[in-house]
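Q: Structure file my_file-v1.txt (compact mmCIF, C-alpha atoms and all ligand atoms) right here:
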# COMPACT_ATOMS: atom_id res chain seq x y z
CA MET C 27 14.56 -70.79 -12.62
CA ALA C 28 17.46 -68.90 -11.03
CA ASP C 29 20.74 -68.63 -12.93
CA SER C 30 19.00 -69.36 -16.25
CA LEU C 31 19.97 -65.98 -17.69
CA THR C 32 23.44 -64.50 -18.21
CA LEU C 33 24.41 -60.89 -17.56
CA ASP C 34 25.16 -60.31 -21.24
CA GLU C 35 21.72 -61.55 -22.22
CA PHE C 36 20.12 -59.27 -19.66
CA LEU C 37 22.11 -56.22 -20.79
CA ALA C 38 21.09 -56.95 -24.36
CA ARG C 39 17.46 -56.89 -23.32
CA VAL C 40 17.93 -53.58 -21.50
CA ALA C 41 19.60 -52.10 -24.58
CA ALA C 42 16.70 -53.32 -26.72
CA PHE C 43 14.26 -51.71 -24.27
CA SER C 44 15.93 -48.30 -24.72
CA ALA C 45 16.38 -48.74 -28.44
CA GLU C 46 12.66 -49.43 -28.94
CA ALA C 47 11.16 -47.08 -26.36
CA ARG C 48 13.02 -43.88 -27.33
CA PRO C 49 11.93 -43.72 -31.00
CA ALA C 50 8.39 -44.73 -29.99
CA ILE C 51 8.27 -41.76 -27.58
CA ALA C 52 9.62 -39.39 -30.21
CA ALA C 53 7.03 -40.63 -32.71
CA ALA C 54 4.03 -40.16 -30.39
CA ASP C 55 2.26 -37.08 -31.76
CA SER C 56 -0.56 -36.71 -29.26
CA ALA C 57 -1.08 -37.03 -25.51
CA ASP C 58 -3.12 -40.19 -26.14
CA ALA C 59 -0.45 -41.79 -28.29
CA LEU C 60 2.16 -40.96 -25.67
CA GLU C 61 0.05 -42.53 -22.94
CA GLY C 62 -0.07 -45.78 -25.02
CA VAL C 63 3.72 -45.73 -25.31
CA ARG C 64 4.06 -45.12 -21.56
CA ALA C 65 1.82 -48.11 -20.73
CA LYS C 66 3.74 -50.36 -23.11
CA TYR C 67 7.24 -49.55 -21.85
CA LEU C 68 6.82 -48.23 -18.31
CA GLY C 69 3.46 -49.68 -17.15
CA ARG C 70 3.55 -51.26 -13.73
CA ASN C 71 1.48 -54.36 -14.34
CA HIS C 72 2.58 -55.40 -17.79
CA GLY C 73 5.00 -54.29 -20.45
CA TRP C 74 8.73 -54.17 -20.72
CA LEU C 75 9.49 -52.91 -17.26
CA LYS C 76 7.68 -55.79 -15.65
CA ASP C 77 9.46 -58.37 -17.84
CA LEU C 78 12.85 -56.86 -17.10
CA SER C 79 12.19 -56.83 -13.34
CA ALA C 80 11.30 -60.52 -13.53
CA ALA C 81 14.43 -61.27 -15.60
CA LEU C 82 16.56 -59.57 -12.92
CA GLY C 83 15.54 -62.36 -10.56
CA GLN C 84 16.85 -65.05 -12.94
CA LEU C 85 20.40 -63.70 -12.92
CA PRO C 86 23.20 -65.20 -10.85
CA LYS C 87 23.52 -63.24 -7.61
CA GLU C 88 26.95 -61.74 -8.41
CA ALA C 89 25.58 -60.26 -11.69
CA ARG C 90 22.63 -58.49 -10.12
CA GLY C 91 24.49 -55.34 -9.01
CA ALA C 92 25.69 -54.42 -12.48
CA ALA C 93 22.42 -55.57 -14.03
CA GLY C 94 20.32 -53.50 -11.62
CA LYS C 95 22.34 -50.36 -12.34
CA ALA C 96 21.98 -50.78 -16.11
CA PHE C 97 18.26 -51.41 -15.63
CA ASN C 98 17.75 -48.29 -13.48
CA ASP C 99 19.79 -46.07 -15.82
CA ALA C 100 17.76 -47.19 -18.83
CA ARG C 101 14.51 -46.66 -16.98
CA THR C 102 15.43 -43.15 -15.77
CA ASP C 103 16.54 -42.26 -19.27
CA VAL C 104 13.27 -43.44 -20.88
CA GLU C 105 11.14 -41.75 -18.18
CA GLY C 106 13.00 -38.47 -18.80
CA ALA C 107 12.41 -38.70 -22.53
CA LEU C 108 8.72 -39.30 -21.86
CA GLU C 109 8.40 -36.26 -19.60
CA THR C 110 10.12 -33.95 -22.08
CA ARG C 111 7.83 -35.16 -24.84
CA GLN C 112 4.80 -34.68 -22.58
CA ALA C 113 5.74 -31.05 -21.87
CA SER C 114 6.06 -30.22 -25.56
CA LEU C 115 2.73 -31.87 -26.41
CA ALA C 116 0.51 -30.61 -23.58
CA PRO C 117 -0.22 -26.88 -23.83
CA SER C 118 -0.06 -26.39 -20.06
CA SER C 119 1.10 -22.89 -19.02
CA ALA C 120 4.46 -24.26 -17.90
CA GLY C 121 4.82 -26.02 -21.24
CA VAL C 122 4.06 -22.84 -23.20
CA ALA C 123 6.47 -20.74 -21.18
CA LEU C 124 9.18 -23.32 -21.81
CA ALA C 125 8.33 -23.58 -25.47
CA ASP C 126 8.05 -19.83 -26.14
CA PRO C 127 10.37 -17.65 -24.07
CA THR C 128 9.48 -14.62 -26.27
CA MET C 129 5.97 -14.35 -24.79
CA PRO C 130 5.39 -10.98 -23.01
CA ALA C 131 5.83 -11.00 -19.26
CA ARG C 132 2.75 -10.69 -17.07
CA HIS C 133 1.93 -7.12 -15.91
CA ALA C 134 2.76 -6.79 -12.21
CA TRP C 135 0.23 -4.55 -10.37
CA ARG C 136 1.77 -2.33 -7.73
CA GLY C 137 -0.19 -0.28 -5.22
CA ALA C 138 0.16 3.46 -5.81
CA VAL C 139 -1.09 6.77 -4.41
CA HIS C 140 -4.31 8.06 -6.04
CA PRO C 141 -3.77 11.25 -8.12
CA VAL C 142 -6.06 13.23 -5.78
CA SER C 143 -4.10 12.01 -2.73
CA GLN C 144 -0.87 12.90 -4.53
CA VAL C 145 -2.10 16.51 -4.80
CA ILE C 146 -3.10 16.58 -1.11
CA ASP C 147 0.29 15.16 -0.03
CA GLU C 148 2.20 17.70 -2.12
CA VAL C 149 0.10 20.67 -0.98
CA VAL C 150 0.56 19.66 2.66
CA ALA C 151 4.33 19.26 2.12
CA ILE C 152 4.67 22.74 0.57
CA PHE C 153 2.72 24.43 3.39
CA ARG C 154 4.58 22.44 6.04
CA GLU C 155 7.75 24.21 4.87
CA LEU C 156 6.00 27.49 5.74
CA GLY C 157 5.23 26.35 9.28
CA PHE C 158 1.67 25.10 8.76
CA THR C 159 0.41 22.08 10.71
CA VAL C 160 -2.51 19.79 9.80
CA ALA C 161 -5.91 19.89 11.57
CA LEU C 162 -9.00 17.73 10.97
CA GLY C 163 -12.70 18.03 11.73
CA PRO C 164 -15.90 15.94 11.50
CA GLU C 165 -17.73 15.28 8.23
CA ALA C 166 -21.09 15.11 10.02
CA GLU C 167 -21.34 18.69 11.26
CA SER C 168 -23.84 20.98 12.95
CA PRO C 169 -25.53 23.62 10.77
CA TRP C 170 -24.05 26.24 13.07
CA TYR C 171 -20.42 25.26 12.36
CA ASN C 172 -21.11 24.68 8.66
CA PHE C 173 -23.07 27.92 8.11
CA GLY C 174 -23.96 30.07 11.13
CA SER C 175 -20.49 30.47 12.62
CA LEU C 176 -19.24 31.35 9.13
CA ASN C 177 -21.50 34.39 8.80
CA PHE C 178 -24.02 32.83 6.39
CA PRO C 179 -27.27 34.84 6.68
CA ALA C 180 -30.17 32.73 7.94
CA ASP C 181 -31.81 32.59 4.51
CA HIS C 182 -28.68 31.82 2.47
CA PRO C 183 -29.52 29.51 -0.49
CA ALA C 184 -26.56 27.19 0.27
CA MET C 185 -28.52 25.98 3.32
CA ASP C 186 -31.36 24.86 1.08
CA LEU C 187 -32.25 21.16 0.89
CA HIS C 188 -31.37 21.43 -2.79
CA ASP C 189 -27.71 21.99 -2.05
CA THR C 190 -27.01 20.42 1.33
CA LEU C 191 -27.47 16.89 2.63
CA TYR C 192 -29.19 16.99 6.01
CA ILE C 193 -28.97 13.91 8.24
CA SER C 194 -31.43 15.54 10.66
CA ASP C 195 -32.44 19.10 11.58
CA ASP C 196 -29.29 19.33 13.70
CA VAL C 197 -26.76 17.46 11.56
CA VAL C 198 -25.55 18.13 8.01
CA LEU C 199 -22.82 16.54 5.95
CA ARG C 200 -20.36 19.42 5.82
CA THR C 201 -20.44 21.18 2.45
CA HIS C 202 -16.90 22.56 2.86
CA THR C 203 -13.92 22.33 5.21
CA SER C 204 -14.40 25.93 6.44
CA PRO C 205 -16.25 24.90 9.67
CA VAL C 206 -12.90 23.48 10.84
CA GLN C 207 -11.60 27.09 10.81
CA VAL C 208 -13.89 27.87 13.74
CA ARG C 209 -13.30 24.53 15.50
CA THR C 210 -9.53 25.00 15.27
CA LEU C 211 -9.64 28.60 16.53
CA GLN C 212 -11.79 27.45 19.49
CA SER C 213 -9.14 24.89 20.49
CA TYR C 214 -5.92 26.71 19.63
CA PRO C 215 -5.57 30.44 20.28
CA PRO C 216 -3.67 32.52 17.68
CA PRO C 217 -1.12 32.73 16.25
CA ILE C 218 -2.04 29.69 14.11
CA ARG C 219 -1.24 28.40 10.65
CA VAL C 220 -3.14 25.24 9.74
CA LEU C 221 -4.02 23.17 6.72
CA ILE C 222 -7.24 21.17 6.83
CA PRO C 223 -7.70 18.40 4.24
CA GLY C 224 -10.91 16.34 4.18
CA ASN C 225 -13.95 15.16 2.27
CA VAL C 226 -17.04 17.34 1.80
CA HIS C 227 -20.51 16.57 0.42
CA ARG C 228 -22.96 18.46 -1.75
CA ARG C 229 -26.25 17.60 -3.30
CA ASP C 230 -24.72 17.57 -6.79
CA PRO C 231 -25.15 14.66 -9.20
CA PHE C 232 -22.00 13.40 -10.93
CA ASP C 233 -21.19 15.32 -14.12
CA PRO C 234 -17.88 16.10 -15.87
CA SER C 235 -16.99 18.79 -13.30
CA HIS C 236 -18.99 17.79 -10.18
CA ALA C 237 -18.97 14.92 -7.70
CA PRO C 238 -21.34 14.55 -4.71
CA THR C 239 -18.39 13.81 -2.43
CA PHE C 240 -15.00 15.36 -3.04
CA ALA C 241 -11.88 16.44 -1.21
CA GLN C 242 -11.05 19.98 -0.14
CA ILE C 243 -7.99 21.52 1.45
CA GLU C 244 -8.57 24.51 3.69
CA GLY C 245 -5.80 26.82 4.81
CA LEU C 246 -6.04 29.28 7.72
CA VAL C 247 -3.63 31.85 9.13
CA VAL C 248 -4.56 34.04 12.11
CA ASP C 249 -2.12 36.38 13.82
CA GLU C 250 -1.63 40.06 14.64
CA GLY C 251 -1.16 42.31 11.62
CA ILE C 252 -2.09 39.81 8.89
CA SER C 253 -3.08 41.52 5.64
CA PHE C 254 -4.12 40.72 2.08
CA ALA C 255 -0.42 41.02 1.12
CA ASP C 256 0.31 37.90 3.24
CA LEU C 257 -2.46 36.01 1.46
CA LYS C 258 -1.23 36.99 -1.99
CA ALA C 259 2.43 36.33 -1.31
CA THR C 260 1.83 32.94 0.28
CA LEU C 261 -0.61 31.65 -2.34
CA THR C 262 1.59 32.90 -5.20
CA HIS C 263 4.58 31.14 -3.65
CA PHE C 264 2.49 27.99 -3.31
CA ALA C 265 1.36 28.09 -6.97
CA ASN C 266 4.93 28.48 -8.19
CA ARG C 267 6.09 25.58 -6.02
CA PHE C 268 3.23 23.31 -6.96
CA PHE C 269 2.97 23.96 -10.70
CA GLY C 270 6.60 24.98 -11.33
CA SER C 271 7.06 28.73 -12.10
CA THR C 272 3.70 29.81 -13.40
CA LYS C 273 1.57 32.92 -13.69
CA THR C 274 -1.24 33.60 -11.25
CA ARG C 275 -4.06 36.11 -11.13
CA PHE C 276 -6.53 37.06 -8.41
CA ARG C 277 -10.15 37.87 -9.27
CA PRO C 278 -12.57 39.52 -6.83
CA SER C 279 -15.15 37.08 -5.48
CA TYR C 280 -17.62 36.65 -2.66
CA PHE C 281 -17.87 34.31 0.33
CA PRO C 282 -19.88 35.14 3.50
CA PHE C 283 -16.88 34.21 5.69
CA THR C 284 -14.18 36.32 3.99
CA GLU C 285 -13.94 40.02 3.19
CA PRO C 286 -12.49 40.92 0.77
CA SER C 287 -12.61 37.64 -1.17
CA ALA C 288 -10.67 36.53 -4.22
CA GLU C 289 -10.31 33.51 -6.46
CA MET C 290 -6.85 32.56 -7.68
CA ASP C 291 -6.29 31.31 -11.24
CA VAL C 292 -3.11 29.80 -12.64
CA LEU C 293 -2.06 29.76 -16.26
CA CYS C 294 -3.47 26.60 -17.88
CA GLY C 295 -0.72 23.97 -17.72
CA VAL C 296 -2.05 22.13 -20.75
CA CYS C 297 -2.13 24.99 -23.34
CA LYS C 298 0.13 27.49 -21.47
CA GLY C 299 -2.51 30.16 -21.86
CA SER C 300 -3.43 29.90 -25.52
CA GLY C 301 -6.82 28.29 -24.79
CA CYS C 302 -7.89 24.62 -24.79
CA GLY C 303 -10.66 22.30 -23.62
CA VAL C 304 -9.28 21.98 -20.09
CA CYS C 305 -9.41 25.78 -19.44
CA LYS C 306 -12.55 26.25 -21.56
CA GLN C 307 -10.52 28.40 -23.99
CA SER C 308 -9.78 31.02 -21.29
CA GLY C 309 -6.09 30.19 -20.80
CA TRP C 310 -6.61 30.17 -16.99
CA VAL C 311 -7.67 27.51 -14.48
CA GLU C 312 -9.35 28.44 -11.20
CA ILE C 313 -7.47 26.80 -8.34
CA LEU C 314 -8.91 28.15 -5.09
CA GLY C 315 -11.15 30.60 -3.26
CA SER C 316 -9.64 32.82 -0.58
CA GLY C 317 -10.00 36.00 1.41
CA LEU C 318 -9.36 37.78 4.69
CA VAL C 319 -11.24 36.04 7.49
CA HIS C 320 -14.43 38.00 8.23
CA PRO C 321 -14.31 39.60 11.71
CA ALA C 322 -17.66 37.92 12.48
CA VAL C 323 -16.00 34.50 12.01
CA LEU C 324 -13.19 35.37 14.42
CA GLU C 325 -15.79 36.52 16.95
CA SER C 326 -17.80 33.25 16.47
CA ALA C 327 -14.68 31.39 17.54
CA GLY C 328 -14.06 33.72 20.50
CA VAL C 329 -11.06 35.46 18.90
CA ASP C 330 -10.67 39.21 19.43
CA SER C 331 -11.13 40.66 15.92
CA GLU C 332 -9.72 44.04 17.01
CA ARG C 333 -6.40 42.44 17.86
CA TYR C 334 -6.19 39.61 15.33
CA SER C 335 -6.76 39.26 11.60
CA GLY C 336 -6.30 36.35 9.24
CA TRP C 337 -6.66 34.91 5.79
CA ALA C 338 -8.03 31.60 4.53
CA PHE C 339 -8.31 29.61 1.35
CA GLY C 340 -10.12 26.51 0.11
CA MET C 341 -9.05 24.44 -2.86
CA GLY C 342 -10.33 21.29 -4.58
CA PRO C 343 -7.49 18.79 -5.11
CA ALA C 344 -9.55 16.79 -7.64
CA ARG C 345 -9.99 19.85 -9.87
CA THR C 346 -6.29 20.55 -9.44
CA ALA C 347 -5.46 16.98 -10.50
CA LEU C 348 -7.66 17.43 -13.61
CA ALA C 349 -5.88 20.65 -14.54
CA ARG C 350 -2.44 19.21 -13.86
CA HIS C 351 -2.93 16.10 -16.01
CA GLY C 352 -5.34 17.55 -18.60
CA ILE C 353 -8.08 15.08 -17.58
CA PRO C 354 -11.43 16.15 -19.09
CA ASP C 355 -13.89 14.52 -16.64
CA ILE C 356 -13.81 14.37 -12.81
CA ARG C 357 -15.66 11.03 -12.87
CA LEU C 358 -12.53 9.38 -14.26
CA LEU C 359 -10.84 10.15 -10.93
CA TYR C 360 -13.66 8.73 -8.82
CA ASP C 361 -14.60 5.63 -10.87
CA SER C 362 -11.69 3.65 -9.36
CA ASP C 363 -10.79 2.03 -12.68
CA VAL C 364 -7.18 0.96 -12.09
CA ARG C 365 -6.51 0.79 -15.84
CA PHE C 366 -7.03 4.57 -15.90
CA LEU C 367 -5.47 5.40 -12.53
CA ASP C 368 -2.36 3.29 -13.19
CA GLN C 369 -1.13 5.99 -15.63
CA PHE C 370 -0.51 8.31 -12.67
CA ALA C 371 1.15 5.71 -10.42
CA ARG C 372 4.44 6.80 -8.96
N1 LIG C 401 -15.31 27.16 1.58
C1 LIG C 401 -15.23 27.74 0.25
C2 LIG C 401 -15.90 26.78 -0.73
O1 LIG C 401 -16.14 25.65 -0.41
C3 LIG C 401 -13.82 27.98 -0.17
C4 LIG C 401 -13.13 29.02 0.67
C5 LIG C 401 -12.42 28.66 1.80
C6 LIG C 401 -13.16 30.36 0.29
C7 LIG C 401 -11.76 29.63 2.56
C8 LIG C 401 -12.51 31.32 1.03
C9 LIG C 401 -11.83 30.97 2.15
O2 LIG C 401 -16.17 27.15 -1.86
Could I get this structure in the form of C-alpha cells?
A:
Amino acid sequence: MADSLTLDEFLARVAAFSAEARPAIAAADSADALEGVRAKYLGRNHGWLKDLSAALGQLPKEARGAAGKAFNDARTDVEGALETRQASLAPSSAGVALADPTMPARHAWRGAVHPVSQVIDEVVAIFRELGFTVALGPEAESPWYNFGSLNFPADHPAMDLHDTLYISDDVVLRTHTSPVQVRTLQSYPPPIRVLIPGNVHRRDPFDPSHAPTFAQIEGLVVDEGISFADLKATLTHFANRFFGSTKTRFRPSYFPFTEPSAEMDVLCGVCKGSGCGVCKQSGWVEILGSGLVHPAVLESAGVDSERYSGWAFGMGPARTALARHGIPDIRLLYDSDVRFLDQFAR
C-alpha cells in the first residue's frame, strides 16, 4: 500500500477538504446542523479527517513532513471556523457579550456605610474636635441605672410595662443612653466630656416615625462652672458644622434628669423653613433633647454637685438621617433593602 499516493495528490485532497468544509460550516444555521457538519469533516471515527490520516500513511516517507504540515494547517483552520460559528449560533453568555458589546455592564455592588452610621460617625468626628471622647455602656441595664439614678420618680410612666421591655424584675433593655452618664461619672471623675453612641429599645411598634430598636447618641460634659451658655454654644456650633450654616432654636422641655431642659430644632433642610411633609409644615425639625445635668444625677454618681455642674444631650441619628435626606418613613432605614440604601452609599 505504501508509496501508492503522491504528495500532489494528497495536497489536492487536503485543499478539497477545506474547500468543502468551510462553506458547509458557514451554511449551518442551527447548533444541530453544525454538529452534523462537525461529524462529517472532523469526526474521529469516520469522515474526512479519518480518510486523510489514512492517506498520510500511503505517502513516500520523504513527502510526509510537508504533507503533515498541510494537513494540520487545514485541520486547525476548519476547527477555528467551526468554533467561531458555534459562538455566534449558541446564545451562551460569552457568545452574547461577544455578539453585542453595547449591552449595559453589570452593576457592581460595593459595601458602604449605612446612613444612620454615617450620621453617628460624623457627629463623633465633630465632637472629637471639641475634646470629647467616646464611652459605651450595656444594653441590658438595671432599672436603677436606666431610671432611678436619673431622678425618675418611682411611679414614672416610662417605667411601665407598656413602654419598657423588662427581661426580669432586675434587668431592662435600656430605653435611652442616659444611664451611661452615671456609669461614666462613676468610673471617671470630672472634668469629663464624652459622647455615648449605642442602641436603645422601647416598646413601640414600627410606624413611620418609630422603631422598637434605634440608635441614640448621648453627650455629657461635667466640670466646674459649666452653665447653660456652654450647652447652647456647643450645640449651636455642632448644628452649624453638621448641617452647614443653619438656624437653630431652643424650646423649653422636661426630662427628670436635666433642669432646665430644652429641645433643639434646626431649620428644615428640605424646605428651608417654608413648611413641607418632612417638618410637618412647621419649618423646623427637632434634633435633640438637652439640659443641665440635675444635681440629683451628679449625686447618684458620687459627684459633688456643689462643686461641679454639667450639661447633657441625647439625639436620634435615624431621625437626623430622615431629616437630612428628606426620607418620609423610618422603616425605610431599618428594612435593610440595599436597593434603597444604595442611594446613600459613599
Ligand atoms: N434620654 C433622653 C431621651 O431618650 C434624651 C436626653 C438626653 C435629654 C440627655 C436630655 C439630656 O429622650
Q: Return as a list in words every polymer residue, whether protein, DNA or RNA, with at least one atom no more than 7 Å from an atom of ligand LIG 401 (chain C); count all atoms listed in the file.
A: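 If we count all atoms listed in the file, the neighbours of ligand LIG 401 (chain C) turn out to be Thr201, His202, Thr203, Ser204, Glu244, Gly245, Phe281, Phe283, Thr284, Ser287, Leu314, Gly315, Ser316, Gly317, Ala338, Phe339, Gly340 and Met341 of chain C.
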Q: Using only C-alpha atoms, please write the residues we just selected to a file, as a PDB file, in the frame of the given file.
A:
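Below is the file part.pdb, written as the result:
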ATOM      1  CA  THR C 201     -20.440  21.180   2.450  1.00  0.00           C
ATOM      2  CA  HIS C 202     -16.900  22.560   2.860  1.00  0.00           C
ATOM      3  CA  THR C 203     -13.920  22.330   5.210  1.00  0.00           C
ATOM      4  CA  SER C 204     -14.400  25.930   6.440  1.00  0.00           C
ATOM      5  CA  GLU C 244      -8.570  24.510   3.690  1.00  0.00           C
ATOM      6  CA  GLY C 245      -5.800  26.820   4.810  1.00  0.00           C
ATOM      7  CA  PHE C 281     -17.870  34.310   0.330  1.00  0.00           C
ATOM      8  CA  PHE C 283     -16.880  34.210   5.690  1.00  0.00           C
ATOM      9  CA  THR C 284     -14.180  36.320   3.990  1.00  0.00           C
ATOM     10  CA  SER C 287     -12.610  37.640  -1.170  1.00  0.00           C
ATOM     11  CA  LEU C 314      -8.910  28.150  -5.090  1.00  0.00           C
ATOM     12  CA  GLY C 315     -11.150  30.600  -3.260  1.00  0.00           C
ATOM     13  CA  SER C 316      -9.640  32.820  -0.580  1.00  0.00           C
ATOM     14  CA  GLY C 317     -10.000  36.000   1.410  1.00  0.00           C
ATOM     15  CA  ALA C 338      -8.030  31.600   4.530  1.00  0.00           C
ATOM     16  CA  PHE C 339      -8.310  29.610   1.350  1.00  0.00           C
ATOM     17  CA  GLY C 340     -10.120  26.510   0.110  1.00  0.00           C
ATOM     18  CA  MET C 341      -9.050  24.440  -2.860  1.00  0.00           C
TER      19      MET C 341
END
Q: Within 9 Å of (20.1, -57.4, -11.3) (coordinates as in the file), grab all the protein and nucleic acid residues, counting all atoms listed in the file, and write them out as a ChimeraX atom specification.
A: /C:33,36,79,81-97
Q: Please compute the CA of Val142 (chain C)-CA of Thr262 (chain C) distance, one decimal, in Å.
A: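 Calculated distance between CA of Val142 (chain C) and CA of Thr262 (chain C) is 21.1 Å.
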Q: List as a PyMOL selection string the residues having at least one atom at most 7 Å from position (-1.4, 37.6, 9.9) as given in the file, counting only C-alpha atoms.
A: chain C and resi 247-253+256+335-336
Q: Can you work out which one of C:Cys305, C:Val323, C:Val63, C:Arg228 has the shortest atom-to-atom distance to Pro205 (chain C), counting only C-alpha atoms?
A: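 Of all the options, C:Val323 lies closest to Pro205 (chain C).
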Q: Between CA of Leu358 (chain C) and CA of Gly137 (chain C), what is the spacing in Å?
A: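 Between these atoms lies a distance of 18.1 Å.
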Q: Name all residues at most 12 Å from Ala265 (chain C) (count only C-alpha atoms; drop same-chain ones fewer than 4 positions away) and give them as an mmCIF file with C-alpha atoms, in the frame of the given file.
A:
data_model
loop_
_atom_site.group_PDB
_atom_site.id
_atom_site.type_symbol
_atom_site.label_atom_id
_atom_site.label_comp_id
_atom_site.auth_asym_id
_atom_site.auth_seq_id
_atom_site.Cartn_x
_atom_site.Cartn_y
_atom_site.Cartn_z
ATOM 1 C CA GLU C 148 2.200 17.700 -2.120
ATOM 2 C CA VAL C 149 0.100 20.670 -0.980
ATOM 3 C CA ILE C 152 4.670 22.740 0.570
ATOM 4 C CA PHE C 153 2.720 24.430 3.390
ATOM 5 C CA LYS C 258 -1.230 36.990 -1.990
ATOM 6 C CA ALA C 259 2.430 36.330 -1.310
ATOM 7 C CA THR C 260 1.830 32.940 0.280
ATOM 8 C CA LEU C 261 -0.610 31.650 -2.340
ATOM 9 C CA PHE C 269 2.970 23.960 -10.700
ATOM 10 C CA GLY C 270 6.600 24.980 -11.330
ATOM 11 C CA SER C 271 7.060 28.730 -12.100
ATOM 12 C CA THR C 272 3.700 29.810 -13.400
ATOM 13 C CA LYS C 273 1.570 32.920 -13.690
ATOM 14 C CA THR C 274 -1.240 33.600 -11.250
ATOM 15 C CA ARG C 275 -4.060 36.110 -11.130
ATOM 16 C CA MET C 290 -6.850 32.560 -7.680
ATOM 17 C CA ASP C 291 -6.290 31.310 -11.240
ATOM 18 C CA VAL C 292 -3.110 29.800 -12.640
ATOM 19 C CA LEU C 293 -2.060 29.760 -16.260
ATOM 20 C CA GLY C 295 -0.720 23.970 -17.720
ATOM 21 C CA VAL C 311 -7.670 27.510 -14.480
ATOM 22 C CA GLU C 312 -9.350 28.440 -11.200
ATOM 23 C CA ILE C 313 -7.470 26.800 -8.340
ATOM 24 C CA LEU C 314 -8.910 28.150 -5.090
ATOM 25 C CA MET C 341 -9.050 24.440 -2.860
ATOM 26 C CA THR C 346 -6.290 20.550 -9.440
ATOM 27 C CA ARG C 350 -2.440 19.210 -13.860
#
Q: With distances taken over only C-alpha atoms, which of C:Val145, C:Leu60, C:Val364, C:Leu257 is nearest to His351 (chain C)?
A: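 Answer, going by the shortest atom-to-atom distance: C:Val145.
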Q: Separation of CA of Cys294 (chain C) and CA of Lys306 (chain C), in Å?
A: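 So the answer is 9.8 Å.
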Q: Measuring atom to atom with all atoms listed in the file, identify which of C:Leu221, C:Leu359, C:Ala180, C:Val296 is nearest to Arg154 (chain C).
A: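 So, comparing all the options, the nearest one is C:Leu221.
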Q: Choose the residue, out of C:Leu31, C:Ile353, C:Val197, C:Met129, that has the smallest atom-to-atom separation from Ser235 (chain C); count all atoms listed in the file.
A: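 Counting all atoms listed in the file, the residue closest to Ser235 (chain C) is C:Ile353.
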Q: Rank C:Thr159, C:Ser30, C:Ser326, C:Ser143 by their smallest atom-to-atom distance to Phe240 (chain C), using all atoms listed in the file, and report the top residue only.
A: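 Between C:Thr159, C:Ser30, C:Ser326, C:Ser143, the residue approaching Phe240 (chain C) most closely is C:Ser143.
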